[in-house]
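Below you'll find the structure, written out as C-alpha cells, and then a few comments.
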Amino acid sequence: VLALQGDFREHSVSLRRVGADALEVRRADQLARCNALIIPGGESTTIARLLLSFELFEPIQKLGRDGFPIWGTCAGAILLADDVRGELDRPPLGLLPIVIDRNAYGRQVDSFETELDASALPLADGTEAAPPFHAVFIRAPRIRSLADDVEVVMTLPANGDEAPEPVAVRRGVLLATTF
C-alpha cells in the first residue's frame with residue numbers, strides 16, 4: 001500500500017484482516033517486495049507531489065506500464081487516470097485511459113454512502129458473485145469518459161434521466177474505484 005498520505009493504514013488493516021501480507025511502501029526499493037500496489041484515497045495533489053519528492057513516480061509508472069497490478073481508490077483513481085480535470089498541479093501517472101473530475105460530487109457535506117452491485121466481481125473461491133459492496137464517496141471523483149478497452153466493473157444506479165455512472169473500472173490488471 002502506497003503510504004505517503006491518505007487512508008493507507010485502513011487499507012493495510014483490511015488486507016491483514018483477510019489474511020494478506022501488507023507492506024506500507026514509502027521508498028522505491030520497497031516496490032520490489034510487492035506483487036501488487038494500492039494507491040489509497042487521500043488528497044490527490046499531495047500524493048502527486050509526494051510521488052515526485054520520494055522518487056516513486058517513475059518506478060510506479062513503469063510498473064503499471066509493464067503489467068504490475070495497481071488499484072487506485074478515490075485519489076488513487078485520479079492518479080491512475082491519463083486525463084484529470086480540476087487543479088491537479090502535478091502530472092498523474094497516466095496509466096488508465098479515462099477522463100476523471102476531482103471532487104466532482106461537491107464539498108465534504110455532499111459526501112455519501114451507498115450499496116453497489118458487485119456481481120461482476122467473483123469471490124476468491126470462484127463459486128459465486130460478490131454480495132453488494134458498501135461504498136463511501138468522500139469528495140469523490142467522477143469518471144467522465146473511458147476508452148473502449150476499459151471495462152466498467154461497478155456503477156452507481158441511474159438517477160432520474162441520467163444513465164448509470166461508472167465508479168469502478170479496470171483495464172487488464174489496473175483497477176480504479178472512485179470510492
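A note on labels: chains of the C-alpha cells are A, B, ... as shown, every chain counts residues from 1, and ligands are counted from 1 in their shown order.
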
Worksheet item: Residues of range 7-152 of chain A in strand (DSSP E) according to DSSP, as an NGL selection string?
Response: :A and (37-39 or 70-73 or 81-85 or 96-101 or 112-116 or 133-137 or 142-146 or 151-152)

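When the distance limit is 7 Å and only C-alpha atoms are what count, the residues near Leu2 in chain A, minus those fewer than 5 positions from it on the same chain, are Phe8, Glu24, Val25, Arg26, Leu37, Ile38, Ile39 and Pro40 of chain A.
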
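Between CA of Cys74 in chain A and CA of Pro157 in chain A lies a distance of 18.4 Å.
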
Fill in: Every residue of range 28-176 of chain A that DSSP places in alpha helix (DSSP H), as a PyMOL selection string
chain A and resi 28-31+44-53+57-65+75-80

Keeping only C-alpha atoms, take the residues you just selected and write them out as a PDB file, in the first residue's frame.
```
ATOM      1  CA  ALA A  28      11.180   2.773  -4.423  1.00  0.00           C
ATOM      2  CA  ASP A  29      13.256  -0.188  -3.191  1.00  0.00           C
ATOM      3  CA  GLN A  30      10.195  -1.455  -1.264  1.00  0.00           C
ATOM      4  CA  LEU A  31       8.275  -1.903  -4.535  1.00  0.00           C
ATOM      5  CA  SER A  44      -4.543  13.688  -4.875  1.00  0.00           C
ATOM      6  CA  THR A  45      -2.449  16.852  -5.210  1.00  0.00           C
ATOM      7  CA  THR A  46      -0.448  15.982  -2.098  1.00  0.00           C
ATOM      8  CA  ILE A  47       0.061  12.367  -3.173  1.00  0.00           C
ATOM      9  CA  ALA A  48       1.127  13.520  -6.665  1.00  0.00           C
ATOM     10  CA  ARG A  49       3.711  15.867  -5.129  1.00  0.00           C
ATOM     11  CA  LEU A  50       4.970  13.201  -2.743  1.00  0.00           C
ATOM     12  CA  LEU A  51       5.318  10.644  -5.559  1.00  0.00           C
ATOM     13  CA  LEU A  52       7.825  13.027  -7.132  1.00  0.00           C
ATOM     14  CA  SER A  53       9.555  14.002  -3.857  1.00  0.00           C
ATOM     15  CA  PHE A  57       6.502   8.449  -9.718  1.00  0.00           C
ATOM     16  CA  GLU A  58       8.637   6.873 -12.446  1.00  0.00           C
ATOM     17  CA  PRO A  59       9.053   3.437 -10.774  1.00  0.00           C
ATOM     18  CA  ILE A  60       5.279   3.115 -10.214  1.00  0.00           C
ATOM     19  CA  GLN A  61       4.509   4.389 -13.705  1.00  0.00           C
ATOM     20  CA  LYS A  62       6.949   1.855 -15.198  1.00  0.00           C
ATOM     21  CA  LEU A  63       5.477  -0.997 -13.132  1.00  0.00           C
ATOM     22  CA  GLY A  64       1.973  -0.077 -14.277  1.00  0.00           C
ATOM     23  CA  ARG A  65       3.047   0.017 -17.917  1.00  0.00           C
ATOM     24  CA  ALA A  75      -7.378   9.892  -5.061  1.00  0.00           C
ATOM     25  CA  GLY A  76      -5.537   6.832  -6.357  1.00  0.00           C
ATOM     26  CA  ALA A  77      -8.038   6.610  -9.231  1.00  0.00           C
ATOM     27  CA  ILE A  78      -7.281  10.235 -10.071  1.00  0.00           C
ATOM     28  CA  LEU A  79      -3.569   9.469 -10.161  1.00  0.00           C
ATOM     29  CA  LEU A  80      -4.051   6.433 -12.426  1.00  0.00           C
TER      30      LEU A  80
END
```

Worksheet item: Hey, what's within 7 Å of range 162-167 of chain A if we count only C-alpha atoms and toss same-chain stuff fewer than 3 positions away? As a PyMOL selection string, please?
Response: chain A and resi 143+152+154-159+177-178

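Residues within 12 Å of Ile138 in chain A, counting only C-alpha atoms and excluding same-chain residues fewer than 4 positions away, are Asp7, Gly41, Gly42, Glu43, Thr73, Cys74, Ala75, Arg102, Asn103, Ala104, Tyr105, Gly106, Arg107, Gln108, Val109, Asp110, Ser111, Phe112, Glu113, Thr114, Arg142, Thr178 and Phe179 of chain A.
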
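Atom pair CA of Ala140 in chain A / CA of Val18 in chain A has a distance of 25.6 Å (rounded to one decimal).
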
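Restricting the calculation to only C-alpha atoms, the smallest distance between Leu23 in chain A and any of A:Leu56, A:Ile100, A:Ala3, A:Leu116 is found for A:Ala3.
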
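Distance check against Arg170 in chain A using only C-alpha atoms: of A:Val84, A:Pro141, A:Trp71, A:Ala129, the minimum falls on A:Trp71.
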
Practice prompt. Quote the spacing between CA of Glu128 in chain A and CA of Gly172 in chain A in Å to one decimal place.
Written response: 21.3 Å

Discussion item. Taking 3 positions as the minimum chain separation for residues in the same chain, which residues sit within 10 Å of Arg171 in chain A when counting only C-alpha atoms? Answer as a ChimeraX atom specification.
Written reply: /A:95-97,147-152,174-176

Same residues, all heavy atoms, output as an mmCIF file, in the first residue's frame:
```cif
data_model
loop_
_atom_site.group_PDB
_atom_site.id
_atom_site.type_symbol
_atom_site.label_atom_id
_atom_site.label_comp_id
_atom_site.auth_asym_id
_atom_site.auth_seq_id
_atom_site.Cartn_x
_atom_site.Cartn_y
_atom_site.Cartn_z
ATOM 1 N N LEU A 95 -1.850 5.972 -16.469
ATOM 2 C CA LEU A 95 -1.863 4.543 -16.789
ATOM 3 C C LEU A 95 -3.198 4.040 -17.310
ATOM 4 O O LEU A 95 -3.255 3.023 -17.989
ATOM 5 C CB LEU A 95 -1.451 3.728 -15.552
ATOM 6 C CG LEU A 95 -0.021 3.984 -15.053
ATOM 7 C CD1 LEU A 95 0.199 3.301 -13.714
ATOM 8 C CD2 LEU A 95 0.994 3.516 -16.085
ATOM 9 N N LEU A 96 -4.282 4.720 -16.985
ATOM 10 C CA LEU A 96 -5.623 4.311 -17.425
ATOM 11 C C LEU A 96 -6.197 5.363 -18.365
ATOM 12 O O LEU A 96 -6.233 6.540 -18.009
ATOM 13 C CB LEU A 96 -6.568 4.177 -16.228
ATOM 14 C CG LEU A 96 -6.674 2.849 -15.538
ATOM 15 C CD1 LEU A 96 -7.590 2.956 -14.330
ATOM 16 C CD2 LEU A 96 -7.153 1.769 -16.467
ATOM 17 N N PRO A 97 -6.674 4.963 -19.543
ATOM 18 C CA PRO A 97 -7.246 5.933 -20.483
ATOM 19 C C PRO A 97 -8.678 6.318 -20.088
ATOM 20 O O PRO A 97 -9.654 5.879 -20.688
ATOM 21 C CB PRO A 97 -7.180 5.213 -21.827
ATOM 22 C CG PRO A 97 -7.248 3.761 -21.474
ATOM 23 C CD PRO A 97 -6.594 3.623 -20.134
ATOM 24 N N ALA A 147 -11.850 4.814 -22.370
ATOM 25 C CA ALA A 147 -11.542 4.179 -23.652
ATOM 26 C C ALA A 147 -12.335 2.887 -23.794
ATOM 27 O O ALA A 147 -12.804 2.312 -22.814
ATOM 28 C CB ALA A 147 -10.044 3.903 -23.745
ATOM 29 N N ASP A 148 -12.470 2.438 -25.029
ATOM 30 C CA ASP A 148 -13.248 1.221 -25.317
ATOM 31 C C ASP A 148 -12.709 -0.024 -24.614
ATOM 32 O O ASP A 148 -13.471 -0.941 -24.312
ATOM 33 C CB ASP A 148 -13.283 0.952 -26.822
ATOM 34 C CG ASP A 148 -14.122 1.971 -27.574
ATOM 35 O OD1 ASP A 148 -14.964 2.649 -26.927
ATOM 36 O OD2 ASP A 148 -13.944 2.097 -28.791
ATOM 37 N N ASP A 149 -11.402 -0.057 -24.337
ATOM 38 C CA ASP A 149 -10.829 -1.245 -23.708
ATOM 39 C C ASP A 149 -10.808 -1.182 -22.180
ATOM 40 O O ASP A 149 -10.210 -2.021 -21.520
ATOM 41 C CB ASP A 149 -9.432 -1.533 -24.254
ATOM 42 C CG ASP A 149 -8.435 -0.433 -23.941
ATOM 43 O OD1 ASP A 149 -8.854 0.697 -23.590
ATOM 44 O OD2 ASP A 149 -7.222 -0.703 -24.051
ATOM 45 N N VAL A 150 -11.492 -0.188 -21.613
ATOM 46 C CA VAL A 150 -11.633 -0.085 -20.162
ATOM 47 C C VAL A 150 -13.005 -0.644 -19.795
ATOM 48 O O VAL A 150 -14.027 -0.194 -20.300
ATOM 49 C CB VAL A 150 -11.483 1.369 -19.680
ATOM 50 C CG1 VAL A 150 -11.738 1.475 -18.178
ATOM 51 C CG2 VAL A 150 -10.095 1.908 -20.032
ATOM 52 N N GLU A 151 -13.007 -1.639 -18.923
ATOM 53 C CA GLU A 151 -14.230 -2.330 -18.522
ATOM 54 C C GLU A 151 -14.853 -1.654 -17.299
ATOM 55 O O GLU A 151 -14.160 -1.369 -16.317
ATOM 56 C CB GLU A 151 -13.902 -3.775 -18.184
ATOM 57 C CG GLU A 151 -15.049 -4.571 -17.629
ATOM 58 C CD GLU A 151 -14.630 -5.932 -17.090
ATOM 59 O OE1 GLU A 151 -13.428 -6.259 -17.109
ATOM 60 O OE2 GLU A 151 -15.534 -6.662 -16.646
ATOM 61 N N VAL A 152 -16.152 -1.426 -17.347
ATOM 62 C CA VAL A 152 -16.876 -0.908 -16.189
ATOM 63 C C VAL A 152 -17.225 -2.095 -15.304
ATOM 64 O O VAL A 152 -17.869 -3.045 -15.744
ATOM 65 C CB VAL A 152 -18.144 -0.140 -16.618
ATOM 66 C CG1 VAL A 152 -18.940 0.298 -15.391
ATOM 67 C CG2 VAL A 152 -17.778 1.063 -17.478
ATOM 68 N N LEU A 174 -5.065 -3.217 -13.986
ATOM 69 C CA LEU A 174 -5.240 -1.910 -13.355
ATOM 70 C C LEU A 174 -6.694 -1.717 -12.980
ATOM 71 O O LEU A 174 -7.589 -1.942 -13.811
ATOM 72 C CB LEU A 174 -4.789 -0.788 -14.303
ATOM 73 C CG LEU A 174 -3.345 -0.831 -14.766
ATOM 74 C CD1 LEU A 174 -3.086 0.259 -15.798
ATOM 75 C CD2 LEU A 174 -2.389 -0.685 -13.580
ATOM 76 N N LEU A 175 -6.946 -1.314 -11.747
ATOM 77 C CA LEU A 175 -8.299 -1.107 -11.251
ATOM 78 C C LEU A 175 -8.373 0.272 -10.629
ATOM 79 O O LEU A 175 -7.475 0.688 -9.904
ATOM 80 C CB LEU A 175 -8.628 -2.170 -10.183
ATOM 81 C CG LEU A 175 -9.958 -2.049 -9.450
ATOM 82 C CD1 LEU A 175 -11.133 -2.304 -10.390
ATOM 83 C CD2 LEU A 175 -9.992 -3.024 -8.267
ATOM 84 N N ALA A 176 -9.448 0.995 -10.933
ATOM 85 C CA ALA A 176 -9.687 2.314 -10.327
ATOM 86 C C ALA A 176 -11.099 2.331 -9.767
ATOM 87 O O ALA A 176 -12.055 1.960 -10.464
ATOM 88 C CB ALA A 176 -9.521 3.417 -11.363
#
```
